[in-house]
Amino acid sequence: MTLTLPTEEQQQALARAVNLAEIEALGRARLDQNALDYYVSGANDGHTLRANREDFARIRLRPRMLVDVSSIDTSTDVLGLPLDFPVGVAPSAFHGLAHPDAERATARAAASVGSVMTLSTFSNTPIADVGAAAGGRFWFQLYLLADRELSRQIIAQAEAAGARALVFTVDAPYLGRREANERRRFALPPHLSAPNVASRETLAGVDTDTGSQLTHYFQHLVDKSFTWADLGWLRQQTELPIVLKGILTAEDAELAVQHGCHIWVSNHGGRQLDTAVSALAALPEIADAVAGRAEIYLDGGVSRGTDVLKAIALGAQAVFLGRPALWGLAAGGEAGVRRVLELLRDEVRLALALSGRQNLAQVGRDLLKL
Ligand SMILES: Cc1cc2nc3c(=O)[nH]c(=O)nc-3n(C[C@H](O)[C@H](O)[C@H](O)COP(=O)(O)O)c2cc1C
Ligand SMILES: CCCCC(=O)C(=O)O
């Protein structure tokens with residue numbers, strides 16, 4: 001289905017939305033079943049998908065009183081890039097399923113509020129075009145392809161387009177089973193392609209007889225044999241900082257540091273190994289193991305300003321939004337993603353003030369009732 005643009009009425013509803021849940025409802029209403037299945041799905045029974053949210057809600061805060069909170073500073077920086085607030089956009093494939101402006105809209109929105117967008121290898125928009133829209137505020141997410149030469153070219157394109165970091169996703173040698181996508185045979189609509197990795201013809205040639213076209217497509221392209229021992233190859237391909245996305249244990253965090261990488265704690269939004277630990281629950285052991293030797297980020301289940309503070313209290317430098325950004329994009333393109341980021345920015349500011357903290361440096365484990 002080719003998407004229409006949001007109506008005047010839908011744009012007004014977006015402007016009136018008071019939280020991310022309301023924007024999710026607006027975004028969902030604009031999507032067809034194919035796209036909706038793809039966005040909402042977790043792997044298998046969705047235990048990890050739910051745990052990401054539940055673990056944020058479970059932790060209680062220990063606010064301090066009678067602190068001068070007349071001025072609040074939400075700023076931070078990630079790998080030297082200043083952020084107005086500690087929230088970026090996680091990589092997700094195929095923004096063209098949500099809005100005709102696709103990844104360009106997401107990039108512009110993130111840049112306009114001093115955030116950062118992570119662009120997926122499987123974008124519907126060429127890397128260079130997103131780089132131009134992002135004004136330097138983008139990181140590039142790499143899926144390492146079995147075709148190393150193609151991977152090398154993709155990394156070079158990301159560098160040339162101004163990416164500030166390479167986010168290497170390590171939790172998906174195979175895609176997890178998103179069963180709704182298999183049942184209804186998820187496929188990219190004919191007007192969309194994945195220009196960084198393959199032509200539309202290649203995509204169309206992938207078997208769709210048995211389940212999700214996406215899974216077959218991915219399985220056929222991605223390198224499943226890559227190990228820690230191969231990271232040296234990746235290091236040789238780029239000067240950019242490398243962030244390993246999908247780390248869930250202290251053991252892997254230690255290896256990441258030894259290999260000179262930064263760490264993105266994530267279970268891929270519950271879409272890979274079901275019953276894997278929630279992102280928030282994985283964070284403390286990782287922060288303890290890393291002990292300041294690398295930067296740590298987190299995604300999975302973030303939907304409130306208090307969630308952001310909890311992740312920071314447990315050792316994250318910043319958090320990233322997967323589905324919430326997609327709901328914003330579906331609800332209103334660039335304006336929708338911007339609205340999501342602005343709402344969260346304002347929630348972070350208020351949560352800091354009501355916690356008796358003036359800035360993020362004052363957010364530590366003593367904010368939490370553990
Ligand atoms: C529709 C969708 C597509 C995704 N595509 C990618 C991708 O291309 N590369 C990647 O590393 N992660 C991908 N992810 C995972 C996100 O980067 C992120 O880890 C996850 O969505 C965070 O959880 P949240 O949705 O609860 O915020 C995708 C997630 C979703 C929902
Ligand atoms: C073919 C792109 C896979 C994107 C992905 O990582 C996901 O759907 O979770």
# chains A, B, ... in the order shown; residues from 1 in each chain; ligands from 1
>>> closest_atom_pairs(of="chain A", to="ligand 2", cutoff="7 Å", atoms="only C-alpha atoms and all ligand atoms", output="Markdown table")
| residue | atom | partner | partner_atom_place_in_ligand_line | distance |
| --- | --- | --- | --- | --- |
| A:Ser92 | CA | ligand 2 | 4 (C) | 6.2 |
| A:Ala93 | CA | ligand 2 | 4 (C) | 5.0 |
| A:Phe122 | CA | ligand 2 | 2 (C) | 5.4 |
| A:Leu214 | CA | ligand 2 | 1 (C) | 5.4 |
| A:Thr215 | CA | ligand 2 | 1 (C) | 6.8 |
| A:Tyr217 | CA | ligand 2 | 1 (C) | 6.6 |
| A:Phe218 | CA | ligand 2 | 1 (C) | 4.9 |
| A:His268 | CA | ligand 2 | 9 (O) | 6.4 |
| A:Arg271 | CA | ligand 2 | 9 (O) | 5.9 |
>>> residues_around(residues="A:Gly162", least_positions_apart="2", cutoff="8 Å", atoms="only C-alpha atoms", output="list of chain:residue names")
A:Gly131, A:Gly136, A:Phe138, A:Ala158, A:Glu159, A:Ala160, A:Arg164
>>> closest_residue(among="A:Leu14, A:Ala51, A:Ala165, A:Val87", to="A:Gly322", atoms="only C-alpha atoms")
A:Val87
>>> residues_near_ligand(ligand="ligand 1", cutoff="7 Å", atoms="only C-alpha atoms and all ligand atoms", output="ChimeraX atom specification")
/A:38-40,52,90-93,120-122,141,169,245,266-269,299-302,320-324
>>> closest_residue(among="A:Gly96, A:Pro241, A:Gly246, A:Gly46", to="A:Ala330", atoms="only C-alpha atoms")
A:Gly96
